[in-house]
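Raw query_32.cif, mmCIF, C-alpha atoms:
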data_final
loop_
_atom_site.label_atom_id
_atom_site.label_comp_id
_atom_site.auth_asym_id
_atom_site.auth_seq_id
_atom_site.Cartn_x
_atom_site.Cartn_y
_atom_site.Cartn_z
CA MET A 1 0.00 0.00 0.00
CA PRO A 2 1.50 3.39 -0.94
CA LYS A 3 2.63 5.62 1.87
CA THR A 4 0.96 8.99 2.38
CA ALA A 5 2.03 12.21 4.09
CA ALA A 6 -0.48 11.75 6.92
CA PRO A 7 1.99 10.47 9.54
CA ARG A 8 4.27 13.44 8.90
CA SER A 9 1.34 15.85 8.82
CA PHE A 10 0.28 14.81 12.31
CA PRO A 11 2.98 13.01 14.29
CA ARG A 12 1.73 10.69 17.00
CA LEU A 13 3.34 12.85 19.68
CA LEU A 14 1.34 15.85 18.48
CA ILE A 15 -1.92 13.90 18.51
CA ALA A 16 -1.16 12.54 21.98
CA SER A 17 -0.28 16.04 23.22
CA CYS A 18 -3.57 17.46 21.94
CA ALA A 19 -5.52 14.70 23.69
CA PHE A 20 -3.52 15.08 26.91
CA LEU A 21 -4.00 18.85 27.05
CA PHE A 22 -7.72 18.58 26.36
CA VAL A 23 -8.07 16.20 29.31
CA SER A 24 -5.81 18.47 31.37
CA GLY A 25 -8.46 21.15 30.96
CA TYR A 26 -10.72 19.09 33.21
CA PHE A 27 -8.16 18.92 36.02
CA VAL A 28 -7.26 22.61 35.69
CA VAL A 29 -10.93 23.51 36.13
CA ARG A 30 -11.83 20.97 38.83
CA PHE A 31 -8.63 21.09 40.91
CA PRO A 32 -7.31 24.66 40.65
CA ASP A 33 -5.75 24.81 44.12
CA VAL A 34 -3.31 21.91 43.99
CA GLU A 35 -0.19 22.79 45.97
CA GLY A 36 2.65 24.01 43.76
CA ALA A 37 0.43 24.46 40.72
CA SER A 38 1.66 27.99 40.06
CA TYR A 39 5.25 26.75 39.79
CA ALA A 40 4.37 23.63 37.82
CA SER A 41 2.75 25.93 35.27
CA TYR A 42 6.24 27.12 34.25
CA GLY A 43 7.21 23.66 33.06
CA PHE A 44 3.80 23.09 31.55
CA ASN A 45 3.93 26.34 29.57
CA LEU A 46 7.51 25.70 28.50
CA LEU A 47 6.61 22.31 27.04
CA ILE A 48 3.68 23.87 25.16
CA ALA A 49 5.84 26.71 23.83
CA LEU A 50 8.89 24.68 22.76
CA PRO A 51 7.57 23.41 19.39
CA ALA A 52 6.86 26.96 18.18
CA PHE A 53 10.16 28.31 19.52
CA VAL A 54 12.19 25.54 17.85
CA ALA A 55 10.28 25.83 14.57
CA LEU A 56 10.74 29.61 14.51
CA VAL A 57 14.51 29.36 15.01
CA ARG A 58 14.70 26.72 12.26
CA GLN A 59 12.52 28.85 9.96
CA PHE A 60 14.34 32.15 10.51
CA GLY A 61 17.82 30.92 11.38
CA ALA A 62 19.38 31.15 14.84
CA ALA A 63 20.07 34.90 14.90
CA ARG A 64 16.76 36.08 13.45
CA GLY A 65 14.79 33.47 15.36
CA ALA A 66 16.32 34.54 18.66
CA ALA A 67 15.76 38.20 17.77
CA ALA A 68 12.07 37.54 17.05
CA LEU A 69 11.58 35.67 20.33
CA VAL A 70 13.32 38.41 22.35
CA ALA A 71 11.49 41.23 20.55
CA VAL A 72 8.00 39.78 21.02
CA SER A 73 8.76 38.76 24.61
CA ALA A 74 10.01 42.24 25.50
CA PHE A 75 7.02 43.83 23.78
CA GLY A 76 4.67 41.52 25.66
CA TYR A 77 6.18 42.47 29.02
CA LEU A 78 6.03 46.18 28.19
CA ILE A 79 2.47 46.40 26.92
CA GLU A 80 1.07 44.04 29.56
CA GLY A 81 2.90 45.86 32.33
CA PHE A 82 1.67 49.20 31.04
CA GLY A 83 -1.84 47.76 30.78
CA VAL A 84 -1.89 46.54 34.38
CA ALA A 85 -0.44 49.81 35.68
CA THR A 86 -2.69 52.17 33.70
CA GLY A 87 -5.72 50.22 32.44
CA VAL A 88 -4.69 51.06 28.85
CA PRO A 89 -5.26 49.46 26.35
CA TYR A 90 -7.02 46.41 27.82
CA GLY A 91 -9.10 47.88 30.62
CA ASP A 92 -8.62 47.83 34.38
CA PHE A 93 -7.31 44.34 35.19
CA HIS A 94 -4.64 42.48 37.12
CA TYR A 95 -3.14 38.99 37.12
CA GLY A 96 -4.26 36.43 39.67
CA ASP A 97 -2.14 34.31 41.99
CA PRO A 98 -2.36 31.06 39.94
CA LEU A 99 0.19 32.40 37.43
CA GLY A 100 2.87 32.73 40.07
CA PRO A 101 5.38 35.52 40.82
CA THR A 102 5.23 38.75 38.86
CA ILE A 103 7.71 41.40 37.75
CA LEU A 104 7.27 44.49 39.93
CA GLY A 105 3.87 43.16 40.94
CA LEU A 106 2.58 43.63 37.39
CA VAL A 107 3.23 40.82 34.90
CA PRO A 108 3.99 37.11 35.49
CA TYR A 109 7.50 36.02 34.58
CA LEU A 110 6.09 33.24 32.41
CA LEU A 111 4.25 35.64 30.07
CA PRO A 112 6.46 34.98 26.98
CA LEU A 113 5.85 31.24 27.29
CA SER A 114 2.11 31.75 26.89
CA TYR A 115 1.98 34.82 24.61
CA VAL A 116 4.77 34.40 22.06
CA PRO A 117 3.60 30.98 20.72
CA LEU A 118 0.18 32.52 20.01
CA VAL A 119 1.82 35.21 17.89
CA ILE A 120 4.01 32.70 16.06
CA GLY A 121 1.01 30.49 15.27
CA ALA A 122 -1.16 33.38 14.11
CA VAL A 123 1.57 34.70 11.80
CA ALA A 124 2.13 31.20 10.39
CA VAL A 125 -1.57 30.79 9.61
CA VAL A 126 -1.72 33.95 7.49
CA SER A 127 1.81 33.91 6.02
CA GLY A 128 2.95 32.82 2.60
CA THR A 129 0.75 35.00 0.39
CA GLY A 130 -0.21 38.64 0.00
CA THR A 131 1.57 41.79 1.09
CA ALA A 132 3.28 42.18 4.44
CA LEU A 133 0.65 44.72 5.50
CA ARG A 134 -2.18 42.32 4.70
CA ARG A 135 -0.51 39.55 6.68
CA ILE A 136 0.09 41.84 9.66
CA VAL A 137 -3.57 42.91 9.71
CA LEU A 138 -4.84 39.34 9.37
CA GLY A 139 -2.43 38.16 12.07
CA GLY A 140 -3.67 40.85 14.45
CA LEU A 141 -7.31 40.00 13.76
CA LEU A 142 -6.66 36.29 14.26
CA LEU A 143 -5.06 37.00 17.64
CA VAL A 144 -8.25 38.82 18.68
CA VAL A 145 -10.28 35.73 17.77
CA ILE A 146 -7.84 33.52 19.71
CA ASP A 147 -8.26 35.76 22.73
CA GLY A 148 -12.00 35.27 22.43
CA VAL A 149 -11.25 31.74 23.66
CA LEU A 150 -8.47 32.49 26.13
CA ASP A 151 -9.87 35.33 28.17
CA PRO A 152 -13.21 33.78 29.20
CA GLY A 153 -11.39 30.62 30.25
CA ALA A 154 -8.68 32.56 32.06
CA VAL A 155 -11.27 34.65 33.92
CA ALA A 156 -13.08 31.47 34.97
CA LEU A 157 -9.78 30.12 36.35
CA GLY A 158 -8.81 33.36 38.09
CA PHE A 159 -5.71 33.81 35.92
CA TRP A 160 -6.60 37.46 35.45
CA ILE A 161 -9.37 39.66 36.76
CA TRP A 162 -11.12 42.74 35.39
CA GLU A 163 -12.18 44.95 38.26
CA GLY A 164 -15.46 46.00 36.65
CA GLY A 165 -16.17 42.77 34.76
CA GLY A 166 -17.50 42.96 31.23
CA PRO A 167 -20.26 41.79 28.87
CA TYR A 168 -18.31 38.90 27.32
CA TYR A 169 -17.99 36.31 30.10
CA GLY A 170 -16.66 38.95 32.46
CA VAL A 171 -14.33 40.50 29.87
CA PRO A 172 -14.79 44.15 28.78
CA LEU A 173 -14.87 44.95 25.07
CA SER A 174 -11.93 47.34 25.57
CA ASN A 175 -9.78 44.25 26.05
CA TYR A 176 -10.30 43.24 22.44
CA GLY A 177 -9.38 46.67 21.18
CA GLY A 178 -6.19 46.29 23.18
CA TRP A 179 -5.57 42.84 21.75
CA LEU A 180 -6.00 44.15 18.23
CA LEU A 181 -3.42 46.87 18.89
CA SER A 182 -0.93 44.53 20.54
CA GLY A 183 -1.59 41.80 17.96
CA LEU A 184 -0.86 44.14 15.06
CA ILE A 185 2.42 45.23 16.64
CA ALA A 186 3.50 41.71 17.58
CA SER A 187 2.59 40.39 14.11
CA ALA A 188 4.54 43.26 12.55
CA LEU A 189 7.62 42.41 14.64
CA VAL A 190 7.64 38.76 13.58
CA THR A 191 6.83 39.63 9.94
CA TRP A 192 9.52 42.31 9.76
CA ILE A 193 12.23 40.18 11.41
CA GLY A 194 11.30 37.13 9.35
CA GLY A 195 11.26 39.00 6.05
CA SER A 196 11.46 36.71 3.05
CA ARG A 197 11.67 33.67 5.30
CA LEU A 198 7.90 33.97 5.76
CA THR A 199 7.15 34.23 2.05
CA ASP A 200 9.87 32.70 -0.10
CA ARG A 201 10.38 29.41 1.74
CA ALA A 202 8.00 26.67 2.71
CA LEU A 203 6.76 27.32 6.23
CA ARG A 204 7.42 24.65 8.83
CA PRO A 205 4.25 22.97 10.15
CA GLY A 206 5.77 23.08 13.63
CA LEU A 207 5.13 26.82 13.74
CA LEU A 208 1.48 25.95 14.39
CA ASP A 209 1.94 23.18 16.94
CA SER A 210 2.11 25.23 20.13
CA LEU A 211 -1.00 27.20 19.20
CA LEU A 212 -2.79 23.99 18.24
CA VAL A 213 -2.10 22.15 21.50
CA SER A 214 -2.90 25.33 23.43
CA MET A 215 -6.30 25.51 21.74
CA PHE A 216 -7.02 21.94 22.82
CA LEU A 217 -6.20 22.89 26.41
CA TRP A 218 -8.48 25.93 26.29
CA LEU A 219 -11.19 23.93 24.53
CA GLY A 220 -11.16 21.60 27.54
CA VAL A 221 -11.16 24.55 29.97
CA CYS A 222 -14.11 26.17 28.19
CA ILE A 223 -16.14 22.93 27.97
CA PHE A 224 -15.57 21.99 31.60
CA SER A 225 -16.29 25.57 32.70
CA GLY A 226 -19.57 25.66 30.77
CA LEU A 227 -18.40 28.42 28.40
CA VAL A 228 -20.40 27.49 25.32
CA PHE A 229 -19.50 30.16 22.76
CA PRO A 230 -15.75 30.22 23.56
CA ALA A 231 -15.76 26.40 23.26
CA VAL A 232 -17.38 26.63 19.81
CA LEU A 233 -14.86 29.31 18.85
CA ALA A 234 -11.99 27.08 20.03
CA ALA A 235 -13.32 24.18 17.96
CA GLY A 236 -13.49 26.42 14.88
CA LEU A 237 -9.91 27.58 15.43
CA ILE A 238 -8.75 23.99 15.81
CA VAL A 239 -10.32 23.12 12.44
CA LEU A 240 -8.54 26.12 10.87
CA LEU A 241 -5.19 25.13 12.39
CA VAL A 242 -5.52 21.48 11.38
CA ARG A 243 -6.29 22.44 7.78
CA ARG A 244 -3.41 24.90 7.68
CA ARG A 245 -0.99 22.37 9.16
CA LEU A 246 -1.98 19.78 6.57
CA GLN A 247 -1.38 22.38 3.87
CA LEU A 248 2.06 23.25 5.21
CA ALA A 249 3.00 19.59 5.66
CA ARG A 250 2.10 18.85 2.04
CA ALA A 251 4.26 21.77 0.90
CA VAL A 252 7.25 20.61 2.95
CA HIS A 253 6.80 16.90 2.19
CA PRO A 254 5.03 16.62 -1.17
CA ALA A 255 3.75 13.21 -2.20
CA PRO A 256 6.12 11.29 -4.51
CA ALA A 257 5.41 11.67 -8.21
CA GLY A 258 2.88 9.12 -9.38
CA ALA A 259 1.76 8.24 -5.87
CA THR A 260 -1.90 7.47 -5.54
CA VAL A 261 -4.26 6.91 -2.66
CA HIS A 262 -6.27 3.72 -3.00
CA ALA A 263 -9.79 3.55 -1.70
CA ALA A 264 -10.88 0.49 0.22
CA PRO A 265 -12.70 -2.01 -2.03
CA HIS A 266 -16.47 -2.23 -1.79
CA HIS A 267 -17.94 -5.55 -0.75
#

Mind turning the file's structure into structure tokens?
Amino acid sequence: MPKTAAPRSFPRLLIASCAFLFVSGYFVVRFPDVEGASYASYGFNLLIALPAFVALVRQFGAARGAAALVAVSAFGYLIEGFGVATGVPYGDFHYGDPLGPTILGLVPYLLPLSYVPLVIGAVAVVSGTGTALRRIVLGGLLLVVIDGVLDPGAVALGFWIWEGGGPYYGVPLSNYGGWLLSGLIASALVTWIGGSRLTDRALRPGLLDSLLVSMFLWLGVCIFSGLVFPAVLAAGLIVLLVRRRLQLARAVHPAPAGATVHAAPHH
């Protein structure tokens, strides 16, 4: 039987990770106060972030890849810290205790591990075609949609808190204006540093993996927290990411010439 690209499109480890993180959503929701959870989250977030970090360095090269990671991390610390201190651009909010120690009482140290992979994944989804400006705008908009899953789940878990609440599962609409602004800037940083490496070369499927497994985690959190619309939104994003990953995998590992896929015989 001829081999297909399916195993390379979705390695077993990736499938197992998606399943594990979905189930982990149940335990995160049902047992939020396990001793040491805030410190264990560092390792957990690092494991989720590693595929995107490694793929970005391989895509951009060591120097550019490291520059992109540092630039987006520094930007994330700055805009989130400014947001907590001033209420601009996200609204009046602060981080909860479950995310562990913070820098100057403002932003958790682990922020880049959770934020940067989202940016990498969003840029990878929209990259490869069109002008840089179009890709930056689409990347920023996609990050807003992604946050439509994250923030309701995070509020339910006490990861961050808006003082005055908001109409979208306790999240104010100003938050999404802030995410659009920050998403456009973060997408621009990655697009500018990557340059032709985001358009002239085949994109690595691994750029999507951290965002994909993260969406499975948040899908579980939303389902087990009873957040219906964010769960539907997460499912839609997962479908988008799966389709995009299959597309990238086919571009990187095209089927051999003359290969065919045989249908099972009818009986």

Given the file shown, determine the residues that the PyMOL selection byres ((chain A and resi 21) around 9) selects; report them as a list of chain:residue names.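 That expression, the PyMOL selection byres ((chain A and resi 21) around 9), corresponds here to A:Ala16, A:Ser17, A:Cys18, A:Ala19, A:Phe20, A:Phe22, A:Val23, A:Ser24, A:Gly25, A:Val213, A:Ser214, A:Met215, A:Phe216, A:Leu217, A:Trp218, A:Gly220.
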
Write out as an MDAnalysis selection string which residues come within 6 Å of segment 44-56 of chain A when counting only C-alpha atoms, dropping same-chain ones fewer than 2 positions away. chainID A and resid 41:42 58:60 65 113 117 206:207 210

Can you tell me, as an MDAnalysis selection string, what residues are no more than 10 Å from segment 136-150 of chain A when counting only C-alpha atoms, ignoring any on the same chain fewer than 2 positions away? chainID A and resid 118:127 131:134 152:155 168:169 171 175:192 211 214:215 217:219 221:222 227 229:235 237

Counting all atoms listed in the file, the residue of A:Pro89, A:Ala62, A:Glu80, A:Leu208 that sits nearest Leu173 of chain A: A:Pro89

Would you pick out the contacts of Ala202 of chain A at 9 Å or less, using only C-alpha atoms, so that residues sharing its chain but fewer than 4 positions from it are not included, and give the list as a list in words?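 Answer for this query is Gln59, Gly128, Arg197, Leu198, Leu248, Ala251 and Val252 of chain A.
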
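What separates atom CA of Val84 of chain A from atom CA of Val70 of chain A is a distance of 21.0 Å.
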
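Distance check against Thr199 of chain A using all atoms listed in the file: of A:Thr129, A:Thr102, A:Gln247, A:Ser73, the minimum falls on A:Thr129.
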
To one decimal place in Å, what is the distance between atom CA of Gly195 of chain A and atom CA of Val242 of chain A?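 Taking atom CA of Gly195 of chain A as the start and atom CA of Val242 of chain A as the end point, the length is 24.8 Å.
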
Applied to this file, what does the PyMOL selection byres ((chain A and resi 100) around 12) return in terms of residues, put as a ChimeraX atom specification? /A:35-42,95-99,101-103,105-111,158-160
